[in-house]
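> Just so it is clear, I am handing over coords36.txt, which has compact mmCIF, C-alpha atoms (C1' of nucleotides).
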# COMPACT_ATOMS: atom_id res chain seq x y z
CA MET A 1 0.00 0.00 0.00
CA LYS A 2 1.18 3.45 -0.86
CA PHE A 3 1.52 6.20 1.71
CA LYS A 4 -1.07 8.53 0.26
CA GLU A 5 -3.46 5.66 -0.20
CA GLY A 6 -2.96 4.70 3.43
CA LYS A 7 -3.83 8.18 4.59
CA GLU A 8 -6.98 8.22 2.51
CA HIS A 9 -7.94 4.89 3.90
CA PHE A 10 -7.35 6.09 7.44
CA ILE A 11 -9.50 9.18 6.95
CA GLN A 12 -12.33 7.14 5.50
CA THR A 13 -12.14 4.60 8.30
CA TRP A 14 -12.13 7.25 10.99
CA GLY A 15 -15.17 8.84 9.34
CA ALA A 16 -17.04 5.55 9.21
CA LEU A 17 -16.18 4.82 12.82
CA GLY A 18 -17.51 8.23 13.76
CA SER A 19 -20.88 7.78 12.12
CA GLN A 20 -21.38 4.44 13.78
CA TRP A 21 -20.93 6.14 17.12
CA GLY A 22 -23.26 9.00 16.42
CA ILE A 23 -20.59 11.46 15.38
CA ASN A 24 -21.02 13.34 12.15
CA LYS A 25 -18.85 11.83 9.43
CA THR A 26 -17.30 15.12 8.37
CA ILE A 27 -16.22 15.99 11.89
CA ALA A 28 -14.46 12.67 12.15
CA GLN A 29 -12.85 13.12 8.74
CA ILE A 30 -11.55 16.58 9.49
CA HIS A 31 -10.17 15.24 12.73
CA ALA A 32 -8.48 12.37 10.92
CA LEU A 33 -7.02 14.71 8.33
CA LEU A 34 -5.55 16.94 11.01
CA LEU A 35 -4.27 13.89 12.85
CA VAL A 36 -2.30 12.66 9.88
CA SER A 37 -1.00 16.10 8.95
CA ASN A 38 2.30 17.12 10.35
CA GLU A 39 1.70 20.75 9.52
CA PRO A 40 -1.21 22.87 10.72
CA LEU A 41 -3.87 23.16 8.02
CA SER A 42 -6.00 26.12 7.01
CA THR A 43 -9.69 26.06 6.25
CA GLU A 44 -8.78 26.15 2.55
CA ASP A 45 -6.52 23.14 2.91
CA ILE A 46 -9.24 21.14 4.58
CA MET A 47 -11.91 22.20 2.09
CA GLU A 48 -9.67 21.13 -0.73
CA GLN A 49 -8.45 17.83 0.68
CA LEU A 50 -11.86 16.62 1.79
CA ALA A 51 -13.80 18.29 -1.04
CA ILE A 52 -16.30 19.97 1.23
CA SER A 53 -17.71 23.49 1.41
CA ARG A 54 -16.43 26.41 3.41
CA GLY A 55 -19.47 26.55 5.67
CA ASN A 56 -19.33 22.87 6.45
CA THR A 57 -15.64 23.05 7.18
CA ASN A 58 -16.04 26.04 9.44
CA MET A 59 -18.88 24.62 11.49
CA ASN A 60 -17.26 21.27 12.00
CA ILE A 61 -13.90 22.73 12.94
CA ARG A 62 -15.69 24.78 15.55
CA GLU A 63 -17.29 21.66 16.93
CA LEU A 64 -13.90 19.98 17.14
CA ILE A 65 -12.52 22.97 18.98
CA ASP A 66 -15.47 22.82 21.39
CA ILE A 67 -14.86 19.16 22.04
CA GLY A 68 -11.25 20.06 22.70
CA LEU A 69 -9.67 17.90 20.03
CA VAL A 70 -8.42 20.68 17.79
CA ASP A 71 -6.65 23.96 18.44
CA LYS A 72 -6.44 27.11 16.43
CA VAL A 73 -2.86 28.20 15.81
CA PHE A 74 -1.40 31.26 14.18
CA LYS A 75 1.45 31.37 11.78
CA LEU A 76 3.78 34.32 11.99
CA GLY A 77 2.95 36.91 9.37
CA GLU A 78 -0.07 34.95 8.18
CA ARG A 79 -3.57 36.25 8.46
CA ARG A 80 -5.53 33.10 8.15
CA ASP A 81 -6.26 30.60 10.90
CA TYR A 82 -4.54 27.26 11.01
CA PHE A 83 -5.64 24.20 12.90
CA VAL A 84 -3.87 21.32 14.60
CA ALA A 85 -5.23 18.18 16.23
CA GLU A 86 -4.11 16.66 19.48
CA LYS A 87 -1.88 13.81 18.33
CA ASP A 88 -1.76 11.78 21.52
CA VAL A 89 -4.38 9.10 20.94
CA TRP A 90 -4.85 8.50 24.64
CA LYS A 91 -5.59 12.16 25.25
CA VAL A 92 -8.07 12.03 22.40
CA ALA A 93 -9.82 9.08 23.99
CA ARG A 94 -10.03 10.83 27.33
CA GLN A 95 -11.29 14.03 25.79
CA VAL A 96 -14.02 12.22 23.86
CA ALA A 97 -15.04 10.33 26.98
CA LYS A 98 -15.22 13.58 28.91
CA THR A 99 -17.40 15.34 26.37
CA ARG A 100 -19.77 12.47 25.89
CA LYS A 101 -20.10 11.87 29.59
CA LYS A 102 -21.17 15.43 30.16
CA ARG A 103 -23.45 15.61 27.17
CA GLU A 104 -25.12 12.24 27.42
CA LEU A 105 -24.55 10.26 30.56
CA ASP A 106 -25.18 13.04 33.07
CA PRO A 107 -28.57 14.11 31.67
CA ILE A 108 -29.74 10.52 31.52
CA ILE A 109 -28.85 9.86 35.11
CA ARG A 110 -30.79 12.94 36.12
CA LEU A 111 -33.81 11.75 34.17
CA LEU A 112 -33.67 8.31 35.70
CA GLU A 113 -33.58 9.84 39.15
CA GLN A 114 -36.72 11.76 38.38
CA ILE A 115 -38.55 8.69 37.18
CA GLU A 116 -37.37 6.70 40.15
CA ASN A 117 -39.39 8.92 42.48
CA LEU A 118 -42.69 7.44 41.40
CA ASP A 119 -45.44 7.05 43.93
CA VAL A 120 -46.41 3.43 43.86
CA ALA A 121 -48.73 1.57 46.17
CA LYS A 122 -47.09 -1.18 48.19
CA ASP A 123 -49.14 -3.88 46.58
CA ASP A 124 -48.67 -2.70 43.01
CA GLU A 125 -46.46 -5.44 41.64
CA GLU A 126 -46.24 -3.96 38.17
CA GLY A 127 -45.22 -0.58 39.54
CA LYS A 128 -42.61 -2.14 41.77
CA ARG A 129 -41.07 -4.03 38.91
CA PHE A 130 -40.89 -0.85 36.89
CA ILE A 131 -39.17 1.02 39.67
CA LYS A 132 -36.69 -1.80 40.05
CA LEU A 133 -35.92 -1.60 36.36
CA VAL A 134 -35.31 2.12 36.46
CA HIS A 135 -33.20 1.66 39.52
CA ASP A 136 -31.10 -1.03 37.86
CA VAL A 137 -30.53 1.10 34.79
CA LYS A 138 -29.51 4.01 36.95
CA LYS A 139 -27.10 1.85 38.87
CA LEU A 140 -25.48 0.71 35.66
CA ALA A 141 -25.27 4.26 34.39
CA LEU A 142 -23.67 5.41 37.63
CA ASN A 143 -21.10 2.66 37.42
CA VAL A 144 -20.26 3.54 33.86
CA GLU A 145 -19.95 7.14 34.95
CA LYS A 146 -17.50 6.23 37.65
CA LEU A 147 -15.45 4.15 35.24
CA VAL A 148 -15.32 7.04 32.81
CA ASP A 149 -14.18 9.28 35.62
CA VAL A 150 -11.26 6.98 36.31
CA LEU A 151 -10.40 6.92 32.65
CA ILE A 152 -10.51 10.70 32.41
CA LYS A 153 -8.13 11.12 35.29
CA SER A 154 -5.73 8.33 34.39
CA GLU A 155 -2.52 8.05 32.59
CA GLU A 156 -2.62 5.50 29.80
CA ASN A 157 -0.20 3.04 31.28
CA TRP A 158 -1.67 3.14 34.71
CA PHE A 159 -5.15 2.61 33.40
CA TRP A 160 -4.54 -0.34 31.12
CA ASP A 161 -2.10 -1.89 33.49
CA LYS A 162 -4.74 -2.04 36.19
CA ILE A 163 -7.41 -3.21 33.80
CA PHE A 164 -5.26 -6.06 32.60
CA LYS A 165 -4.39 -7.17 36.05
CA LEU A 166 -8.13 -7.49 36.45
CA MET A 167 -8.35 -10.02 33.71
CA SER A 168 -5.72 -12.35 35.00
CA LYS A 169 -7.53 -13.16 38.21
CA MET B 1 -45.17 11.60 38.75
CA LYS B 2 -47.78 9.10 37.68
CA PHE B 3 -46.89 5.55 36.76
CA LYS B 4 -48.02 5.71 33.16
CA GLU B 5 -46.30 9.03 32.72
CA GLY B 6 -43.10 7.52 34.10
CA LYS B 7 -43.22 4.70 31.59
CA GLU B 8 -43.73 7.12 28.72
CA HIS B 9 -40.83 9.16 29.93
CA PHE B 10 -38.64 6.11 30.19
CA ILE B 11 -39.46 4.99 26.66
CA GLN B 12 -38.73 8.44 25.27
CA THR B 13 -35.47 8.68 27.16
CA TRP B 14 -34.32 5.26 26.06
CA GLY B 15 -35.12 6.22 22.48
CA ALA B 16 -33.18 9.48 22.72
CA LEU B 17 -30.24 7.70 24.30
CA GLY B 18 -30.30 5.22 21.46
CA SER B 19 -30.13 7.82 18.73
CA GLN B 20 -27.20 9.55 20.39
CA TRP B 21 -25.33 6.28 20.26
CA GLY B 22 -26.12 5.51 16.66
CA ILE B 23 -29.04 3.19 17.35
CA ASN B 24 -32.29 3.78 15.55
CA LYS B 25 -34.78 5.47 17.84
CA THR B 26 -37.61 3.05 17.16
CA ILE B 27 -35.46 0.05 17.99
CA ALA B 28 -34.61 1.61 21.31
CA GLN B 29 -38.24 2.51 21.98
CA ILE B 30 -39.52 -0.96 21.20
CA HIS B 31 -36.86 -2.33 23.47
CA ALA B 32 -37.85 0.06 26.25
CA LEU B 33 -41.51 -0.80 25.83
CA LEU B 34 -40.79 -4.50 26.12
CA LEU B 35 -38.53 -3.84 29.09
CA VAL B 36 -41.27 -2.10 31.03
CA SER B 37 -43.95 -4.61 30.07
CA ASN B 38 -44.51 -7.48 32.39
CA GLU B 39 -46.42 -9.41 29.77
CA PRO B 40 -45.14 -10.42 26.34
CA LEU B 41 -46.43 -8.06 23.66
CA SER B 42 -47.64 -8.79 20.15
CA THR B 43 -46.79 -6.84 17.03
CA GLU B 44 -50.23 -5.22 17.29
CA ASP B 45 -49.59 -4.12 20.88
CA ILE B 46 -46.32 -2.50 19.94
CA MET B 47 -47.76 -0.81 16.86
CA GLU B 48 -50.53 0.63 18.94
CA GLN B 49 -48.53 1.75 21.94
CA LEU B 50 -45.77 3.40 19.94
CA ALA B 51 -48.02 4.52 17.09
CA ILE B 52 -45.83 3.06 14.37
CA SER B 53 -46.54 0.98 11.30
CA ARG B 54 -46.57 -2.75 11.00
CA GLY B 55 -43.57 -2.85 8.69
CA ASN B 56 -41.49 -0.66 10.93
CA THR B 57 -42.42 -2.73 13.96
CA ASN B 58 -41.60 -5.98 12.26
CA MET B 59 -38.22 -4.88 10.95
CA ASN B 60 -37.09 -3.42 14.21
CA ILE B 61 -38.22 -6.38 16.27
CA ARG B 62 -36.21 -8.57 13.98
CA GLU B 63 -33.18 -6.40 14.55
CA LEU B 64 -33.65 -6.69 18.31
CA ILE B 65 -33.90 -10.45 18.01
CA ASP B 66 -30.70 -10.47 15.94
CA ILE B 67 -28.90 -8.41 18.55
CA GLY B 68 -30.12 -10.90 21.11
CA LEU B 69 -32.10 -8.52 23.29
CA VAL B 70 -35.57 -9.81 22.49
CA ASP B 71 -37.06 -13.28 22.21
CA LYS B 72 -40.09 -14.53 20.40
CA VAL B 73 -42.44 -16.45 22.65
CA PHE B 74 -45.62 -18.36 21.97
CA LYS B 75 -48.77 -18.32 24.00
CA LEU B 76 -50.71 -21.53 24.33
CA GLY B 77 -53.61 -21.62 21.93
CA GLU B 78 -52.60 -18.29 20.36
CA ARG B 79 -51.51 -18.00 16.82
CA ARG B 80 -49.72 -14.72 16.87
CA ASP B 81 -46.15 -14.11 17.94
CA TYR B 82 -45.35 -12.44 21.21
CA PHE B 83 -42.12 -10.80 22.24
CA VAL B 84 -40.26 -10.37 25.49
CA ALA B 85 -37.11 -8.44 26.33
CA GLU B 86 -34.27 -9.59 28.49
CA LYS B 87 -34.97 -7.79 31.77
CA ASP B 88 -31.56 -8.14 33.40
CA VAL B 89 -29.89 -4.83 32.66
CA TRP B 90 -26.42 -6.25 33.08
CA LYS B 91 -27.11 -8.94 30.51
CA VAL B 92 -28.42 -6.25 28.19
CA ALA B 93 -25.21 -4.28 28.58
CA ARG B 94 -23.09 -7.31 27.86
CA GLN B 95 -25.15 -8.26 24.85
CA VAL B 96 -24.90 -4.77 23.39
CA ALA B 97 -21.15 -4.73 23.99
CA LYS B 98 -20.83 -8.10 22.28
CA THR B 99 -22.75 -7.06 19.19
CA ARG B 100 -21.01 -3.74 18.80
CA LYS B 101 -17.61 -5.27 19.31
CA LYS B 102 -18.18 -7.72 16.53
CA ARG B 103 -19.77 -5.23 14.17
CA GLU B 104 -17.49 -2.27 14.76
CA LEU B 105 -14.33 -2.87 16.68
CA ASP B 106 -13.18 -6.02 14.95
CA PRO B 107 -13.42 -4.63 11.39
CA ILE B 108 -11.60 -1.48 12.40
CA ILE B 109 -8.74 -3.36 13.95
CA ARG B 110 -8.39 -5.36 10.77
CA LEU B 111 -8.31 -2.18 8.71
CA LEU B 112 -5.69 -0.59 10.92
CA GLU B 113 -3.52 -3.66 10.58
CA GLN B 114 -3.67 -3.33 6.82
CA ILE B 115 -2.69 0.31 6.91
CA GLU B 116 0.10 -0.40 9.33
CA ASN B 117 1.90 -2.47 6.73
CA LEU B 118 2.93 0.52 4.69
CA ASP B 119 6.26 0.53 2.97
CA VAL B 120 8.05 3.59 4.18
CA ALA B 121 11.63 4.60 3.56
CA LYS B 122 13.75 4.80 6.68
CA ASP B 123 14.37 8.49 6.28
CA ASP B 124 10.77 9.43 5.60
CA GLU B 125 9.86 11.27 8.77
CA GLU B 126 6.33 12.03 7.70
CA GLY B 127 5.67 8.42 6.84
CA LYS B 128 7.10 7.26 10.11
CA ARG B 129 4.89 9.58 12.10
CA PHE B 130 1.87 8.32 10.24
CA ILE B 131 2.73 4.73 10.97
CA LYS B 132 3.17 5.55 14.60
CA LEU B 133 -0.24 7.16 14.68
CA VAL B 134 -1.90 4.15 13.13
CA HIS B 135 -0.04 1.91 15.49
CA ASP B 136 -1.18 3.93 18.51
CA VAL B 137 -4.79 3.87 17.42
CA LYS B 138 -4.59 0.14 16.91
CA LYS B 139 -3.10 -0.34 20.34
CA LEU B 140 -5.94 1.62 21.90
CA ALA B 141 -8.50 -0.35 19.93
CA LEU B 142 -6.93 -3.63 21.02
CA ASN B 143 -7.02 -2.57 24.63
CA VAL B 144 -10.65 -1.58 24.38
CA GLU B 145 -11.32 -4.92 22.75
CA LYS B 146 -9.73 -6.76 25.63
CA LEU B 147 -11.69 -4.75 28.16
CA VAL B 148 -14.92 -5.52 26.34
CA ASP B 149 -13.98 -9.19 26.37
CA VAL B 150 -13.65 -9.10 30.14
CA LEU B 151 -16.97 -7.34 30.42
CA ILE B 152 -18.68 -9.89 28.20
CA LYS B 153 -17.43 -12.77 30.29
CA SER B 154 -17.97 -11.23 33.70
CA GLU B 155 -20.59 -11.32 36.30
CA GLU B 156 -21.85 -7.90 37.24
CA ASN B 157 -20.60 -7.81 40.81
CA TRP B 158 -17.22 -9.21 40.02
CA PHE B 159 -16.68 -6.73 37.25
CA TRP B 160 -17.63 -3.55 39.06
CA ASP B 161 -16.03 -4.68 42.25
CA LYS B 162 -12.70 -5.02 40.53
CA ILE B 163 -13.09 -1.78 38.63
CA PHE B 164 -13.81 0.13 41.81
CA LYS B 165 -10.87 -1.31 43.61
CA LEU B 166 -8.90 0.23 40.79
CA MET B 167 -10.05 3.66 41.66
CA SER B 168 -9.13 3.58 45.28
CA LYS B 169 -5.42 3.13 44.68
C1' DA C 1 -59.21 -25.58 -1.51
C1' DA C 2 -60.46 -21.44 0.11
C1' DA C 3 -61.01 -18.54 3.95
C1' DT C 4 -58.82 -16.67 8.00
C1' DG C 5 -55.22 -14.70 10.80
C1' DG C 6 -50.80 -13.59 10.98
C1' DT C 7 -45.99 -12.18 9.15
C1' DT C 8 -42.64 -10.31 5.98
C1' DT C 9 -41.01 -7.51 2.34
C1' DC C 10 -39.86 -3.44 -0.04
C1' DA C 11 -40.75 0.67 -3.20
C1' DG C 12 -41.88 5.07 -2.38
C1' DA C 13 -42.96 8.83 1.06
C1' DA C 14 -41.76 11.31 4.97
C1' DT C 15 -38.57 12.84 8.06
C1' DT C 16 -34.25 13.95 9.82
C1' DT C 17 -29.67 15.32 9.33
C1' DA C 18 -25.83 17.24 6.81
C1' DT C 19 -24.07 20.36 3.36
C1' DT C 20 -23.80 24.10 0.35
C1' DG C 21 -23.10 28.71 -1.03
C1' DA C 22 -23.96 33.30 -0.91
C1' DA C 23 -24.50 37.21 2.02
C1' DA C 24 -23.24 39.38 6.34
C1' DT C 25 -19.67 40.22 9.45
C1' DA C 26 -15.08 40.91 11.10
C1' DA C 27 -10.14 41.81 10.78
C1' DT C 28 -6.12 43.86 8.55
C1' DG C 29 -3.47 47.24 6.70
C1' DA C 30 -2.53 50.67 2.81
C1' DT D 1 -11.38 55.51 5.15
C1' DC D 2 -11.96 51.82 2.05
C1' DA D 3 -10.31 47.89 -0.33
C1' DT D 4 -8.87 43.30 0.65
C1' DT D 5 -8.96 38.98 2.68
C1' DA D 6 -10.69 35.77 5.96
C1' DT D 7 -14.54 33.99 8.90
C1' DT D 8 -19.17 33.14 10.28
C1' DT D 9 -23.94 32.48 9.69
C1' DC D 10 -28.00 30.47 7.98
C1' DA D 11 -31.80 29.69 4.56
C1' DA D 12 -32.12 26.65 0.95
C1' DT D 13 -30.94 22.23 -0.82
C1' DA D 14 -29.28 17.67 -0.94
C1' DA D 15 -28.43 13.36 1.01
C1' DA D 16 -29.24 9.80 4.13
C1' DT D 17 -32.13 7.44 7.04
C1' DT D 18 -36.32 5.87 8.68
C1' DC D 19 -41.15 4.73 8.17
C1' DT D 20 -45.36 3.52 5.88
C1' DG D 21 -48.67 0.66 3.83
C1' DA D 22 -50.15 -2.37 0.60
C1' DA D 23 -49.13 -6.64 -1.55
C1' DA D 24 -47.06 -11.07 -1.22
C1' DC D 25 -46.37 -14.70 1.58
C1' DC D 26 -47.09 -18.45 5.04
C1' DA D 27 -49.59 -21.43 8.27
C1' DT D 28 -53.66 -23.09 10.10
C1' DT D 29 -58.44 -24.25 10.24
C1' DT D 30 -62.95 -25.30 8.19
Could you quickly redo this structure as structure tokens?

Amino acid sequence: MKFKEGKEHFIQTWGALGSQWGINKTIAQIHALLLVSNEPLSTEDIMEQLAISRGNTNMNIRELIDIGLVDKVFKLGERRDYFVAEKDVWKVARQVAKTRKKRELDPIIRLLEQIENLDVAKDDEEGKRFIKLVHDVKKLALNVEKLVDVLIKSEENWFWDKIFKLMSK
Amino acid sequence: MKFKEGKEHFIQTWGALGSQWGINKTIAQIHALLLVSNEPLSTEDIMEQLAISRGNTNMNIRELIDIGLVDKVFKLGERRDYFVAEKDVWKVARQVAKTRKKRELDPIIRLLEQIENLDVAKDDEEGKRFIKLVHDVKKLALNVEKLVDVLIKSEENWFWDKIFKLMSK
DNA sequence: AAATGGTTTCAGAATTTATTGAAATAATGA
DNA sequence: TCATTATTTCAATAAATTCTGAAACCATTT
């Protein structure tokens, strides 16, 4: 496989991975492109290399900056903005986990807590089963949340080291 | 909050959660409906309660059966099919992890391995950086894969117990 | 064998989501 | 100031996904 071909392939794969996980394909592709680029890229560069419009490029770069995966950088004597991606894959993983936790997990836990506070008569078997279900889901969500918290705070080696010790017992 | 209202809320929330994670909303809603139902439901029941068409119902139930979250059951002396969902939330989590691992993680690891085998000259710095990136991503993916494998094989208590011991050190 | 009750399929419609592109806005500096 | 260049916004459009509903299919009973 040729180098350029490999890059293409990588960008496509990253994009596909993104859509499967509910992330817009273009966001993932821009991220991949910046990941594989050694130099900062301008909006023009990205538009050209991914064959997408200016507006699309701009909005998705902003999203990536919000998520914390991409930074704006300035080149001396240049007017236009350039962008770089965080290259440390572990940091990327942590950052994604952080964003998704806040955006998705936290609101769901709050909702489940609300539902949990149902008034149910003591002899209402159906109601009791429902409350147990909601409770179980909440418990799972809380556990996932805690795990994500560990991940967010950990160093790569520490984290996987501990996880793998888990497996061997 | 009233009981019925709580159920509605739960079904909506489950559906919303699903779409954020790249799962079709209706699939998630059917699953939620079956989760909160103590009795098996027929296609008609589901159509009615979620106000969706027969075709939609049928296709999404099939998907849920494929994933392994829903079973078809028969009622004595009844001709029509009934469906029940796995109620154990931990089993649900493991089943989802299993399906997504096979569908998503495995293919990506294979792709990364292909890309990794690039021919790059020894003095090609850019190429070398790219290969390192791909290698790092693959390593992360392999670690996640291993973690998911532990999860799939574990009992709930064992798993979370070990994970939480992690945190305290 | 034909009527009944139920299930599955799938082309087209509806809906949702992503993208474009042009106009408005901002920043720079001559 | 005003011309130039870059960025942002957003209504319109396109693309992708999901859903419908009617027809085909299948199994059972009379």
> For chain D versus chain B, which residues have an atom no more than 8 Å away, and what is each residue's nearest atom pair and distance in Å rounded to one decimal, using all atoms listed in the file, chain-then-number order, as CSV?

residue,atom,partner,partner_atom,distance
D:DC19,C1',B:Asn56,CA,6.1
D:DT20,C1',B:Ser53,CA,6.1
D:DG21,C1',B:Ser53,CA,7.8
> Can you give me chain A superposed onto chain B, least-squares on all Cα in order, written as a compact mmCIF listing (two decimals) with C-alpha atoms, in the frame of the given file?

# COMPACT_ATOMS: atom_id res chain seq x y z
CA MET A 1 -45.19 11.66 38.70
CA LYS A 2 -47.76 9.15 37.64
CA PHE A 3 -46.90 5.59 36.72
CA LYS A 4 -48.00 5.75 33.12
CA GLU A 5 -46.26 9.06 32.69
CA GLY A 6 -43.09 7.54 34.09
CA LYS A 7 -43.20 4.72 31.59
CA GLU A 8 -43.66 7.12 28.71
CA HIS A 9 -40.79 9.16 29.95
CA PHE A 10 -38.60 6.08 30.21
CA ILE A 11 -39.40 4.98 26.67
CA GLN A 12 -38.63 8.41 25.29
CA THR A 13 -35.37 8.62 27.21
CA TRP A 14 -34.24 5.20 26.09
CA GLY A 15 -35.03 6.19 22.50
CA ALA A 16 -33.05 9.41 22.77
CA LEU A 17 -30.13 7.59 24.34
CA GLY A 18 -30.21 5.13 21.47
CA SER A 19 -30.03 7.73 18.74
CA GLN A 20 -27.11 9.44 20.39
CA TRP A 21 -25.23 6.17 20.24
CA GLY A 22 -26.04 5.42 16.65
CA ILE A 23 -28.96 3.13 17.35
CA ASN A 24 -32.20 3.73 15.55
CA LYS A 25 -34.69 5.46 17.82
CA THR A 26 -37.52 3.03 17.14
CA ILE A 27 -35.41 0.01 17.99
CA ALA A 28 -34.55 1.56 21.31
CA GLN A 29 -38.18 2.48 21.95
CA ILE A 30 -39.49 -0.98 21.20
CA HIS A 31 -36.83 -2.36 23.49
CA ALA A 32 -37.83 0.04 26.24
CA LEU A 33 -41.50 -0.81 25.81
CA LEU A 34 -40.79 -4.51 26.12
CA LEU A 35 -38.55 -3.84 29.10
CA VAL A 36 -41.28 -2.09 31.03
CA SER A 37 -43.96 -4.60 30.07
CA ASN A 38 -44.54 -7.46 32.39
CA GLU A 39 -46.45 -9.39 29.78
CA PRO A 40 -45.16 -10.42 26.36
CA LEU A 41 -46.44 -8.05 23.68
CA SER A 42 -47.62 -8.78 20.15
CA THR A 43 -46.74 -6.82 17.06
CA GLU A 44 -50.18 -5.20 17.29
CA ASP A 45 -49.57 -4.12 20.86
CA ILE A 46 -46.30 -2.50 19.95
CA MET A 47 -47.71 -0.80 16.85
CA GLU A 48 -50.49 0.63 18.93
CA GLN A 49 -48.48 1.75 21.94
CA LEU A 50 -45.71 3.40 19.95
CA ALA A 51 -47.94 4.54 17.07
CA ILE A 52 -45.75 3.07 14.37
CA SER A 53 -46.47 0.99 11.28
CA ARG A 54 -46.52 -2.76 10.96
CA GLY A 55 -43.50 -2.89 8.67
CA ASN A 56 -41.43 -0.71 10.93
CA THR A 57 -42.38 -2.74 13.95
CA ASN A 58 -41.57 -6.00 12.25
CA MET A 59 -38.17 -4.96 10.96
CA ASN A 60 -37.04 -3.47 14.22
CA ILE A 61 -38.21 -6.41 16.29
CA ARG A 62 -36.18 -8.62 14.01
CA GLU A 63 -33.14 -6.48 14.60
CA LEU A 64 -33.64 -6.74 18.35
CA ILE A 65 -33.89 -10.50 18.05
CA ASP A 66 -30.67 -10.53 16.01
CA ILE A 67 -28.90 -8.48 18.63
CA GLY A 68 -30.16 -10.96 21.18
CA LEU A 69 -32.11 -8.55 23.34
CA VAL A 70 -35.58 -9.83 22.54
CA ASP A 71 -37.08 -13.29 22.26
CA LYS A 72 -40.10 -14.55 20.43
CA VAL A 73 -42.48 -16.45 22.69
CA PHE A 74 -45.65 -18.36 21.99
CA LYS A 75 -48.80 -18.26 23.97
CA LEU A 76 -50.76 -21.46 24.27
CA GLY A 77 -53.63 -21.55 21.82
CA GLU A 78 -52.61 -18.24 20.28
CA ARG A 79 -51.50 -17.92 16.71
CA ARG A 80 -49.70 -14.67 16.81
CA ASP A 81 -46.13 -14.09 17.94
CA TYR A 82 -45.37 -12.42 21.23
CA PHE A 83 -42.14 -10.80 22.26
CA VAL A 84 -40.28 -10.37 25.53
CA ALA A 85 -37.13 -8.44 26.36
CA GLU A 86 -34.29 -9.60 28.53
CA LYS A 87 -34.97 -7.79 31.80
CA ASP A 88 -31.57 -8.14 33.43
CA VAL A 89 -29.91 -4.81 32.69
CA TRP A 90 -26.44 -6.24 33.10
CA LYS A 91 -27.13 -8.93 30.54
CA VAL A 92 -28.42 -6.25 28.21
CA ALA A 93 -25.22 -4.28 28.61
CA ARG A 94 -23.10 -7.32 27.89
CA GLN A 95 -25.16 -8.28 24.89
CA VAL A 96 -24.92 -4.79 23.40
CA ALA A 97 -21.18 -4.74 24.01
CA LYS A 98 -20.84 -8.10 22.30
CA THR A 99 -22.77 -7.08 19.21
CA ARG A 100 -21.05 -3.77 18.79
CA LYS A 101 -17.64 -5.26 19.32
CA LYS A 102 -18.19 -7.73 16.54
CA ARG A 103 -19.80 -5.27 14.18
CA GLU A 104 -17.56 -2.29 14.71
CA LEU A 105 -14.41 -2.82 16.68
CA ASP A 106 -13.22 -5.98 14.93
CA PRO A 107 -13.45 -4.61 11.38
CA ILE A 108 -11.65 -1.45 12.39
CA ILE A 109 -8.79 -3.32 13.94
CA ARG A 110 -8.43 -5.33 10.76
CA LEU A 111 -8.34 -2.16 8.69
CA LEU A 112 -5.74 -0.57 10.91
CA GLU A 113 -3.57 -3.63 10.57
CA GLN A 114 -3.72 -3.33 6.83
CA ILE A 115 -2.73 0.31 6.87
CA GLU A 116 0.05 -0.37 9.32
CA ASN A 117 1.87 -2.46 6.73
CA LEU A 118 2.90 0.55 4.70
CA ASP A 119 6.24 0.54 2.97
CA VAL A 120 8.04 3.60 4.17
CA ALA A 121 11.62 4.61 3.59
CA LYS A 122 13.74 4.82 6.72
CA ASP A 123 14.33 8.51 6.33
CA ASP A 124 10.73 9.44 5.61
CA GLU A 125 9.83 11.30 8.78
CA GLU A 126 6.29 12.06 7.70
CA GLY A 127 5.64 8.43 6.83
CA LYS A 128 7.06 7.27 10.13
CA ARG A 129 4.86 9.61 12.08
CA PHE A 130 1.84 8.35 10.21
CA ILE A 131 2.67 4.75 10.94
CA LYS A 132 3.14 5.58 14.59
CA LEU A 133 -0.28 7.17 14.64
CA VAL A 134 -1.95 4.17 13.09
CA HIS A 135 -0.10 1.95 15.47
CA ASP A 136 -1.21 3.97 18.48
CA VAL A 137 -4.82 3.90 17.38
CA LYS A 138 -4.64 0.17 16.88
CA LYS A 139 -3.15 -0.30 20.30
CA LEU A 140 -5.97 1.66 21.86
CA ALA A 141 -8.54 -0.30 19.90
CA LEU A 142 -6.98 -3.58 20.99
CA ASN A 143 -7.07 -2.51 24.60
CA VAL A 144 -10.69 -1.51 24.35
CA GLU A 145 -11.37 -4.86 22.75
CA LYS A 146 -9.77 -6.69 25.61
CA LEU A 147 -11.72 -4.67 28.14
CA VAL A 148 -14.94 -5.47 26.34
CA ASP A 149 -14.00 -9.12 26.39
CA VAL A 150 -13.67 -9.02 30.15
CA LEU A 151 -17.00 -7.29 30.43
CA ILE A 152 -18.68 -9.86 28.21
CA LYS A 153 -17.44 -12.73 30.30
CA SER A 154 -18.00 -11.17 33.71
CA GLU A 155 -20.65 -11.27 36.27
CA GLU A 156 -21.87 -7.83 37.25
CA ASN A 157 -20.63 -7.84 40.80
CA TRP A 158 -17.26 -9.22 39.97
CA PHE A 159 -16.73 -6.70 37.23
CA TRP A 160 -17.65 -3.54 39.08
CA ASP A 161 -16.05 -4.72 42.25
CA LYS A 162 -12.72 -5.04 40.50
CA ILE A 163 -13.14 -1.78 38.66
CA PHE A 164 -13.83 0.08 41.85
CA LYS A 165 -10.89 -1.38 43.62
CA LEU A 166 -8.94 0.15 40.77
CA MET A 167 -10.07 3.60 41.65
CA SER A 168 -9.12 3.51 45.27
CA LYS A 169 -5.43 3.05 44.64
> With distances taken over all atoms listed in the file, which residue among C:DT9, C:DT15, C:DA2, C:DA22 lies nearest chain A?
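Closest residue, counting all atoms listed in the file: C:DA22.
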